[in-house]
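The file data37.cif contains mmCIF, C-alpha atoms:
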data_run
#
loop_
_atom_site.label_atom_id
_atom_site.label_comp_id
_atom_site.auth_asym_id
_atom_site.auth_seq_id
_atom_site.Cartn_x
_atom_site.Cartn_y
_atom_site.Cartn_z
CA MET D 956 -53.22 33.41 9.31
CA ILE D 957 -56.80 34.17 10.30
CA PRO D 958 -57.48 33.71 14.02
CA LEU D 959 -60.15 31.25 15.12
CA GLU D 960 -62.26 34.09 16.52
CA HIS D 961 -62.93 35.57 13.10
CA TYR D 962 -64.44 32.34 11.82
CA LEU D 963 -66.59 32.19 14.92
CA TYR D 964 -67.71 35.80 14.46
CA LEU D 965 -68.68 35.02 10.86
CA SER D 966 -70.62 31.98 12.08
CA GLY D 967 -72.33 34.03 14.80
CA ILE D 968 -73.32 36.85 12.45
CA LEU D 969 -74.80 34.40 9.92
CA PHE D 970 -76.66 32.59 12.72
CA THR D 971 -78.08 35.91 13.96
CA LEU D 972 -79.24 36.78 10.45
CA GLY D 973 -81.00 33.40 10.24
CA LEU D 974 -82.56 34.03 13.64
CA CYS D 975 -83.81 37.44 12.44
CA GLY D 976 -85.26 35.75 9.36
CA VAL D 977 -87.16 33.18 11.45
CA MET D 978 -88.56 35.87 13.73
CA MET D 979 -89.31 38.60 11.20
CA ARG D 980 -90.52 36.82 8.05
CA ARG D 981 -94.08 35.51 7.95
CA ASN D 982 -93.79 33.48 4.74
CA VAL D 983 -93.31 29.85 5.72
CA ILE D 984 -90.86 29.23 2.85
CA LEU D 985 -88.65 32.09 4.02
CA VAL D 986 -88.79 30.81 7.60
CA LEU D 987 -87.53 27.42 6.37
CA MET D 988 -84.75 29.12 4.38
CA SER D 989 -83.70 30.98 7.53
CA VAL D 990 -83.51 27.70 9.42
CA GLU D 991 -81.17 26.40 6.69
CA ILE D 992 -79.05 29.55 7.11
CA MET D 993 -78.75 28.85 10.85
CA LEU D 994 -77.72 25.21 10.26
CA ASN D 995 -75.15 26.38 7.73
CA ALA D 996 -73.73 28.94 10.19
CA ALA D 997 -73.25 26.16 12.74
CA ASN D 998 -71.33 24.18 10.10
CA ILE D 999 -68.78 27.00 9.76
CA ALA D 1000 -68.15 26.92 13.52
CA LEU D 1001 -67.78 23.10 13.46
CA VAL D 1002 -65.23 23.15 10.64
CA ALA D 1003 -63.31 26.03 12.25
CA PHE D 1004 -63.11 24.20 15.57
CA SER D 1005 -62.00 21.02 13.81
CA LYS D 1006 -59.21 23.01 12.13
CA TYR D 1007 -57.97 24.98 15.13
CA LEU D 1008 -58.76 23.20 18.38
CA SER D 1009 -57.48 19.70 17.69
CA ALA D 1010 -53.81 20.44 16.97
CA GLY D 1011 -52.60 18.45 19.98
CA ALA D 1012 -55.11 15.62 19.70
CA ALA D 1013 -54.59 12.25 18.06
CA GLU D 1014 -54.81 12.32 14.28
CA SER D 1015 -57.98 10.23 14.19
CA VAL D 1016 -59.84 12.80 16.31
CA GLN D 1017 -58.87 15.84 14.28
CA LEU D 1018 -61.47 15.41 11.55
CA ASP D 1019 -64.41 14.79 13.89
CA GLY D 1020 -65.82 18.27 13.31
CA GLN D 1021 -65.89 17.74 9.56
CA VAL D 1022 -67.66 14.38 9.94
CA PHE D 1023 -70.27 16.11 12.10
CA VAL D 1024 -70.83 18.60 9.30
CA PHE D 1025 -71.76 15.70 7.00
CA PHE D 1026 -74.39 14.54 9.45
CA THR D 1027 -75.69 18.10 9.78
CA ILE D 1028 -76.01 18.40 5.99
CA ALA D 1029 -77.88 15.07 5.80
CA VAL D 1030 -80.27 16.17 8.55
CA ALA D 1031 -80.76 19.55 6.85
CA ALA D 1032 -81.62 17.83 3.56
CA ALA D 1033 -84.16 15.52 5.23
CA GLU D 1034 -85.64 18.43 7.18
CA ALA D 1035 -85.97 20.60 4.07
CA ALA D 1036 -87.74 17.86 2.10
CA VAL D 1037 -90.30 17.05 4.81
CA ALA D 1038 -90.86 20.68 5.80
CA LEU D 1039 -91.46 21.78 2.21
CA VAL D 1040 -94.03 19.04 1.73
CA ILE D 1041 -95.77 20.21 4.90
CA ALA D 1042 -95.73 23.76 3.51
CA MET D 1043 -97.35 22.52 0.30
CA ALA D 1044 -100.00 20.56 2.21
CA LEU D 1045 -100.66 23.72 4.21
CA PHE D 1046 -101.11 25.72 1.03
CA ARG D 1047 -103.48 23.11 -0.45
CA ARG D 1048 -105.67 22.97 2.65
CA LEU D 1049 -105.70 26.53 3.98
CA ASP D 1050 -104.66 28.42 0.84
CA THR D 1051 -102.04 30.42 2.71
CA VAL D 1052 -98.31 30.36 3.40
CA ASN D 1053 -98.44 33.04 6.07
CA VAL D 1054 -97.54 31.49 9.42
CA ASP D 1055 -99.73 34.02 11.26
CA ASP D 1056 -102.82 32.63 9.51
CA VAL D 1057 -102.08 29.11 10.72
CA ALA D 1058 -103.12 29.53 14.34
CA ASN D 1059 -105.97 27.01 14.46
CA LEU D 1060 -104.47 25.20 17.43
CA ARG D 1061 -103.81 28.37 19.39
CA TRP D 1062 -106.11 28.86 22.33
CA MET J 516 -53.63 36.73 0.57
CA GLU J 517 -55.47 34.07 2.51
CA GLY J 518 -56.65 36.67 5.01
CA LEU J 519 -57.92 38.96 2.28
CA LEU J 520 -59.84 36.10 0.65
CA PHE J 521 -61.45 35.21 3.98
CA TYR J 522 -62.72 38.76 4.50
CA VAL J 523 -63.94 39.01 0.89
CA PHE J 524 -65.89 35.74 1.03
CA GLY J 525 -67.03 36.23 4.62
CA GLY J 526 -68.37 39.69 3.77
CA LEU J 527 -70.00 38.26 0.65
CA ALA J 528 -71.67 35.54 2.73
CA ILE J 529 -73.05 38.09 5.21
CA LEU J 530 -74.23 40.42 2.43
CA THR J 531 -75.98 37.72 0.40
CA THR J 532 -77.61 36.31 3.56
CA LEU J 533 -78.86 39.80 4.39
CA PHE J 534 -80.42 40.05 0.92
CA THR J 535 -81.88 36.55 1.37
CA ILE J 536 -83.85 37.41 4.47
CA SER J 537 -84.89 40.88 3.27
CA SER J 538 -85.99 40.24 -0.35
CA LYS J 539 -89.70 40.69 -0.91
CA ASN J 540 -89.85 38.09 -3.69
CA PRO J 541 -89.14 34.50 -2.48
CA VAL J 542 -87.49 33.63 -5.80
CA TYR J 543 -84.93 36.40 -5.29
CA SER J 544 -84.39 35.12 -1.76
CA ALA J 545 -83.64 31.63 -3.07
CA LEU J 546 -81.20 32.98 -5.67
CA TRP J 547 -79.38 35.14 -3.10
CA MET J 548 -79.18 32.10 -0.84
CA ILE J 549 -77.35 30.14 -3.55
CA GLY J 550 -74.76 32.96 -3.52
CA SER J 551 -74.57 32.71 0.26
CA PHE J 552 -73.86 28.97 0.08
CA ALA J 553 -71.22 29.52 -2.61
CA ALA J 554 -69.44 32.07 -0.39
CA THR J 555 -69.64 29.66 2.54
CA ALA J 556 -68.12 26.93 0.37
CA ALA J 557 -65.22 29.30 -0.36
CA VAL J 558 -64.73 29.80 3.40
CA PHE J 559 -64.61 25.99 3.77
CA VAL J 560 -61.90 25.87 1.09
CA LEU J 561 -59.87 28.42 3.11
CA LEU J 562 -60.25 26.07 6.11
CA GLU J 563 -58.87 23.26 3.90
CA ALA J 564 -62.12 21.29 4.19
CA PHE J 565 -62.23 20.51 0.48
CA LEU J 566 -64.73 17.66 0.56
CA ILE J 567 -67.15 19.68 2.68
CA ALA J 568 -66.86 22.63 0.30
CA THR J 569 -67.79 20.31 -2.59
CA VAL J 570 -70.71 18.78 -0.71
CA GLU J 571 -71.90 22.26 0.28
CA VAL J 572 -72.16 23.26 -3.38
CA LEU J 573 -73.65 19.92 -4.50
CA VAL J 574 -76.19 19.37 -1.72
CA TYR J 575 -77.04 22.84 -0.42
CA ALA J 576 -76.67 25.08 -3.47
CA GLY J 577 -77.64 22.26 -5.85
CA ALA J 578 -80.25 19.97 -4.34
CA ILE J 579 -81.84 21.85 -1.45
CA MET J 580 -82.18 25.18 -3.23
CA VAL J 581 -83.67 23.52 -6.33
CA LEU J 582 -86.19 21.90 -3.98
CA PHE J 583 -87.04 25.31 -2.53
CA LEU J 584 -87.37 26.85 -5.99
CA PHE J 585 -89.69 24.01 -7.11
CA VAL J 586 -92.00 24.60 -4.15
CA ILE J 587 -91.94 28.39 -4.67
CA MET J 588 -92.96 27.84 -8.29
CA MET J 589 -95.76 25.42 -7.33
CA ILE J 590 -97.22 27.77 -4.72
CA ASN J 591 -98.35 30.98 -6.40
CA PHE J 592 -98.08 33.66 -3.80
CA LYS J 593 -100.67 36.34 -3.48
CA ALA J 594 -99.31 39.84 -3.80
CA GLU J 595 -100.02 40.81 -0.22
CA GLU J 596 -98.10 37.84 1.09
CA GLN J 597 -94.87 39.11 -0.43
CA LYS J 598 -93.92 41.30 2.48
CA GLY J 599 -90.33 41.96 3.40
CA LEU J 600 -88.91 42.06 6.90
CA ARG J 601 -91.38 43.00 9.59
CA LEU J 602 -89.31 44.73 12.24
CA SER J 603 -90.66 43.91 15.65
CA PRO J 604 -88.93 45.31 18.75
CA LEU J 605 -88.94 41.93 20.49
CA ALA J 606 -87.22 40.19 17.57
CA VAL J 607 -84.55 42.91 17.37
CA LEU J 608 -84.00 42.61 21.12
CA VAL J 609 -83.61 38.82 20.94
CA ALA J 610 -81.18 39.07 18.01
CA LEU J 611 -79.07 41.76 19.69
CA THR J 612 -78.99 39.82 22.97
CA PHE J 613 -77.85 36.68 21.17
CA LEU J 614 -75.15 38.59 19.26
CA THR J 615 -73.86 40.26 22.44
CA LEU J 616 -73.72 36.99 24.38
CA PHE J 617 -72.05 35.25 21.44
CA GLY J 618 -69.45 38.03 21.19
CA ARG J 619 -68.74 37.77 24.92
CA ALA J 620 -68.35 33.98 24.66
CA VAL J 621 -65.96 34.23 21.69
CA GLY J 622 -63.96 36.99 23.41
CA ASP J 623 -63.58 34.66 26.39
CA LEU J 624 -62.08 31.67 24.57
CA GLY J 625 -59.10 31.57 26.93
CA SER J 626 -56.26 29.24 25.98
CA ALA J 627 -57.97 28.33 22.71
CA SER J 628 -57.75 31.87 21.33
CA GLY J 629 -54.14 31.63 20.16
CA SER J 630 -54.30 28.09 18.83
CA LYS J 631 -52.64 27.29 15.51
CA PRO J 632 -54.50 25.45 12.76
CA ASN J 633 -53.54 21.80 12.34
CA GLU J 634 -51.97 20.38 9.20
CA LEU J 635 -54.76 17.95 8.38
CA VAL J 636 -56.55 18.44 5.07
CA GLY J 637 -60.20 17.39 4.67
CA THR J 638 -59.72 15.19 1.61
CA PRO J 639 -62.30 12.49 0.80
CA GLY J 640 -59.91 9.74 1.88
CA ALA J 641 -59.11 11.26 5.26
CA ILE J 642 -62.78 11.90 6.07
CA ALA J 643 -63.91 8.48 4.83
CA GLU J 644 -61.41 6.83 7.14
CA VAL J 645 -62.99 8.48 10.19
CA MET J 646 -66.56 8.17 8.95
CA PHE J 647 -66.42 4.44 8.18
CA THR J 648 -64.57 3.42 11.33
CA ARG J 649 -65.54 5.38 14.42
CA TYR J 650 -68.71 6.95 13.02
CA VAL J 651 -70.09 3.95 11.12
CA VAL J 652 -73.10 3.55 13.44
CA PRO J 653 -74.21 7.22 13.17
CA PHE J 654 -73.61 6.91 9.43
CA GLU J 655 -76.06 4.01 9.20
CA ALA J 656 -78.49 5.90 11.43
CA VAL J 657 -78.40 8.77 8.92
CA SER J 658 -79.40 6.35 6.17
CA MET J 659 -82.42 5.32 8.24
CA LEU J 660 -83.26 9.00 8.78
CA LEU J 661 -83.14 9.67 5.05
CA LEU J 662 -85.37 6.64 4.39
CA ALA J 663 -87.87 7.92 6.96
CA ALA J 664 -87.77 11.37 5.32
CA ILE J 665 -88.46 9.85 1.89
CA LEU J 666 -91.42 7.84 3.22
CA GLY J 667 -92.78 10.85 5.09
CA THR J 668 -92.53 13.01 1.99
CA VAL J 669 -94.35 10.45 -0.15
CA VAL J 670 -97.14 9.98 2.40
CA LEU J 671 -97.61 13.71 2.99
CA SER J 672 -97.65 14.64 -0.68
CA ARG J 673 -100.42 12.23 -1.67
CA ARG J 674 -103.57 14.01 -2.67
CA ASN J 675 -106.57 13.50 -0.37
CA SER J 676 -104.34 11.90 2.22
CA GLN J 677 -106.06 11.60 5.56
CA ALA J 678 -102.77 11.26 7.41
#

What is this structure when it is put down as structure tokens?
Amino acid sequence: MIPLEHYLYLSGILFTLGLCGVMMRRNVILVLMSVEIMLNAANIALVAFSKYLSAGAAESVQLDGQVFVFFTIAVAAAEAAVALVIAMALFRRLDTVNVDDVANLRW
Amino acid sequence: MEGLLFYVFGGLAILTTLFTISSKNPVYSALWMIGSFAATAAVFVLLEAFLIATVEVLVYAGAIMVLFLFVIMMINFKAEEQKGLRLSPLAVLVALTFLTLFGRAVGDLGSASGSKPNELVGTPGAIAEVMFTRYVVPFEAVSMLLLAAILGTVVLSRRNSQA
């Protein structure tokens, strides 16, 4: 049996990798992919908690974590669609996908 | 056996994610990311969340990554924009701080650390029962969110849109 901690470590490592991607990549597509990685890492933690931490709870509560994962996936899909369209509009207008070049609003 | 599989697929997930964020070519990144989602789906199977593992492959590896690949193909990157990781000291510091704090928090789980997994299996029927009773209002809210996302996408992708 794998202890709960190992699932959480896996989730934390994947989240950190996504965080590194958001901070270190300048291509807007790659930044969006890293955000998806972070959302996915959170899903692992949710499912692991739903499996391990609800043993004593009522049966109807035990699958809550997995239902949350569905909502997370739906939000991630909506976010990806809208964000990718914004990236394409950015490319059409400014002819760049480098987030450092899109600093028009910065003082 | 189960333990071995977890470490194989967990290591695979970490490795493919590492390749995802470090590949110079965005297309390679997208392909590595499909591998990362497949490995994550295997981890979900080990957690007996079968429906979520299926949805992970269908929605993430199938729909979302195809969307990413379409946009990558439509935007032709200039050569100088295909840079890999840019190591900045601040970013490394933030990542290491987060990892350390996370490790401390997980090491301090207390009474939860020895808990046994429950017997419940994430089959479609079991999840549907929870989702369409207690979570029916959030479920409908998600449908509104998806509708708003569709409308936003259509409006934003019109040519010459002033919005």

request  = Could you please determine the separation between atom CA of Val1037 of chain D and atom CA of Val586 of chain J in Å, to one decimal place?
outcome  =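 Those two atoms sit 11.8 Å apart.
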
query = If I put a ball of radius 10 Å at (-86.0, 14.7, 4.8) in the file's coordinates, which residues poke into it when counting all atoms listed in the file, written as a VMD selection string?
reply = (chain D and resid 1029 to 1040) or (chain J and resid 660 to 668)

ask   = Between J:Pro541, J:Met646, J:Ser551, J:Met516, which one has atoms that come closest to Ile529 of chain J, using only C-alpha atoms?
value =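 Among the listed residues, the smallest separation from Ile529 of chain J belongs to J:Ser551.
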
Given the PyMOL selection byres ((chain D and resi 1047) around 12), the residues it picks as a PyMOL selection string = (chain D and resi 1040-1046+1048-1052) or (chain J and resi 589-591+671-676)

inquiry  = Neighbouring residues of Val621 of chain J were defined as those with any atom within 12 Å, considering all atoms listed in the file; residues of the same chain fewer than 4 positions away were excluded. Please report them as a ChimeraX atom specification.
reply    = /D:958-967,1000 /J:614-617,625-628

request  = Find the residue from J:Gly518, J:Leu530, J:Ser538, J:Met588 that sits nearest to chain D; use all atoms listed in the file when measuring.
outcome  =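 Closest residue, counting all atoms listed in the file: J:Gly518.
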
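With atom CA of Val1016 of chain D on one side and atom CA of Leu635 of chain J on the other, the separation reads 10.7 Å.
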
ask   = Closest to chain D among J:Ile536, J:Val636, J:Pro604, J:Val670, using only C-alpha atoms?
value = J:Ile536

message = With the PyMOL selection byres ((chain D and resi 971) around 9) as the selection, what would be picked from this file? Answer as a PyMOL selection string, please.
response = (chain D and resi 966-970+972-976+993) or (chain J and resi 610-611+613-614)

query = atom CA of Gly550 of chain J to atom CA of Thr532 of chain J: how many Å, to one decimal?
reply =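 Interatomic distance, atom CA of Gly550 of chain J to atom CA of Thr532 of chain J: 8.3 Å.
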